[in-house]
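Reviewing the structure listed below.
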Amino acid sequence: MSQAHVIVHEHPPGMTTGLPPFSVAAKKMAIWLFIIADAATFAACLVVYGFLRNGSASWPRPFHSIVNVAIMTFILLTSSLTMLFGVRAAKVGDKAGALRWTMITAAGGVVFALLHIREWMGLIGEGMTLFHNPGGNPLFGASFFSITGLHLLHVTGGVVALVAVGLRYKNGRYNADDLEVTGLYWHFVDLVWMFVVPFVYLLNLA
Amino acid sequence: MVDAPDVHGTEPAARYSDTIGKYVGVYVCLLILAALQFVIAFMGMDTTAKFARMFFIAVAEAGLALLFFMHLWAEKRGFLLFVVVFTGFVLLAMQYGWTDSDRMEVGAPYTQPKQGVVSQ
C-alpha cells in the first residue's frame with residue numbers, strides 16, 4: 001500500500017482526503033442541501049399560514065369542490081412514479097426509455113400547472129387577489145397565492161429542468177446521475193404538495 | 001502514483017436494488033394515504049382533530065417518498081441521519097413561533113388587569 005493510501009484512510013471522509021461526505025456524489029449532495037433549504041422555506045410559509053389562520057377570528061373557506069385538487073394530486077404523484085421509471089431506465093443505459101419517461105413526467109408537470117392556473121383563474125374570477133378577498137379575510141388571498149405560487153414556480157422550474165436534462169442526457173452531454181439529481185428535485189416538489197393539499201385546501205372546504 | 005480521489009461527482013452512483021414492483025407498491029400506498037386525507041376532510045370532527053390526522057398522514061407520505069422514491073433508505077445511514085436530524089431540527093425550531101400566534105388571537109398573557117385590582 002502506498003503512502004498516499006495510508007493518508008487517505010487516516011481521516012474521516014470529507015475532512016482532508018477530498019472524499020465526498022457520506023460517500024454521496026457532489027451533485028447529489030448539492031441537490032440534497034438545496035432540498036433541505038427549500039424544505040425550510042416551504043415549512044416557514046406553511047407555519048406562517050398556520051399563524052394567520054390561527055390568529056384570525058374567521059378564516060375563509062372558498063373551496064367548493066375537491067375534484068380539481070384531487071386530480072392535481074393524482075397527476076403529481078403519478079409523475080413521481082414515471083420519474084422513477086425514467087431514472088431506472090437511465091441507470092441500465094436505456095436512453096430512449098429514460099427520455100420517454102422523463103418527458104411523460106414533464107408532461108404531467110405541465111398538466112398540473114395548467115390545472116393550477118385554471119383554479120387560480122376561478123378564484124380570481126370570484127374577486128380574490130393577492131390583497132383582496134370579497135369572502136372575508138384578505139390574508140387568505142395573500143397566503144394562498146404565495147404558497148401555491150411558490151409551489152407552481154417550483155413545478156415550472158422542474159418541468160424546464162426535466163426537458164433540458166432529458167434532452168442533454170439523450171445527446172450524451174449528461175449522464176444517468178444528472179437525471180437522478182433532477183428526479184430528486186421532482187420528488188421533493190411532490191413531497192411539498194402532500195403538505196400543501198391538506199392545510200391549504202382540505203381544511204378550507206366550504 | 002496514486003489516483004486522486006474523485007470529488008466531482010463521477011464516482012459510481014449508489015446502486016439501488018429497488019424493483020419496479022416496489023416503486024408501484026409505494027406509489028399505491030401514497031395514493032391511499034392521499035385519499036385518506038380527502039376522506040378526513042369530510043368527516044364530522046373539529047378542525048384541530050382534522051389537522052392532526054392530516055398532518056400525521058402527510059408525514060407518513062413524506063417519509064415514504066423520502067425513503068423509497070428519493071432513495072434515502074439506500075444511502076449510507078450517516079447521510080440519512082444527517083438529513084433527518086438536520087431538517088427535523090430546523091422544522092421543529094420553527095414551531096417556537098406558535099406562542100406568538102396564540103398571542104395574536106387572545107392577547108399577551110398576564111397583561112390583562114385583574115378584576116378588582118386598581119392599577120396605580
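Naming works like this for the C-alpha cells: A, B, ... for the chains as they're shown, residue 1 at the start of each chain, ligands 1 onward in shown order.
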
message: Quick one: residues within 8 Å of stretch 153-160 of chain A, only C-alpha atoms, excluding same-chain residues fewer than 4 positions away - as a PyMOL selection string?
response: chain A and resi 106-107+109-110+113+149+164+182+185-186+189

task: Give me the residues within 10 Å of stretch 36-52 of chain A as an NGL selection string, counting only C-alpha atoms and dropping any in the same chain fewer than 6 places off.
output: (:A and (30 or 59 or 137 or 139-140 or 142-144 or 146-147 or 150-151 or 188-189 or 191-192 or 195-196 or 199-200)) or (:B and (83-84 or 86-88 or 90-92 or 94-95 or 97-102 or 104-105))

- prompt: Where in stretch 4-200 of chain A does DSSP assign alpha helix (DSSP H), given as a ChimeraX atom specification?
  reply: /A:4-10,26-55,67-91,95-125,138-170,176-196

query: Taking only C-alpha atoms into account, which residues of chain A are within 7 Å of chain B, as a ChimeraX atom specification?
result: /A:4,18-20,22,25-27,36,40,43,51,54-56,81,177,184,187,191,194-195,198,202-203

Selected residues, C-alpha atoms, written as a short mmCIF file (atom, residue, chain, number, x, y, z; two decimals), in the first residue's frame, please.
```cif
data_model
loop_
_atom_site.label_atom_id
_atom_site.label_comp_id
_atom_site.auth_asym_id
_atom_site.auth_seq_id
_atom_site.Cartn_x
_atom_site.Cartn_y
_atom_site.Cartn_z
CA ALA A 4 -0.95 8.17 -0.28
CA GLY A 18 -11.14 15.03 -0.66
CA LEU A 19 -13.56 12.12 -0.50
CA PRO A 20 -17.19 13.28 -0.68
CA PHE A 22 -21.15 10.39 3.41
CA ALA A 25 -21.62 12.26 -5.08
CA ALA A 26 -21.07 16.01 -5.13
CA LYS A 27 -24.03 16.76 -7.38
CA ILE A 36 -33.19 20.81 2.89
CA ALA A 40 -37.28 25.08 5.39
CA ALA A 43 -42.19 24.97 6.07
CA PHE A 51 -50.15 31.59 12.34
CA ASN A 54 -54.91 30.52 13.99
CA GLY A 55 -54.82 34.25 14.69
CA SER A 56 -57.85 35.14 12.57
CA LEU A 81 -43.58 7.27 -10.40
CA ASP A 177 -26.62 10.67 -12.33
CA LEU A 184 -34.73 14.09 -6.59
CA HIS A 187 -39.88 14.11 -5.90
CA LEU A 191 -43.46 15.89 -1.29
CA MET A 194 -48.50 16.45 0.22
CA PHE A 195 -48.48 19.15 2.91
CA PRO A 198 -54.42 19.22 3.42
CA LEU A 202 -58.80 20.36 2.56
CA LEU A 203 -59.06 22.32 5.81
#
```

message: If I take atom CA of A:Thr102 and atom CA of A:Gly86, how far is one from the other in Å, to one decimal?
response: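 Between these atoms lies a distance of 5.4 Å.
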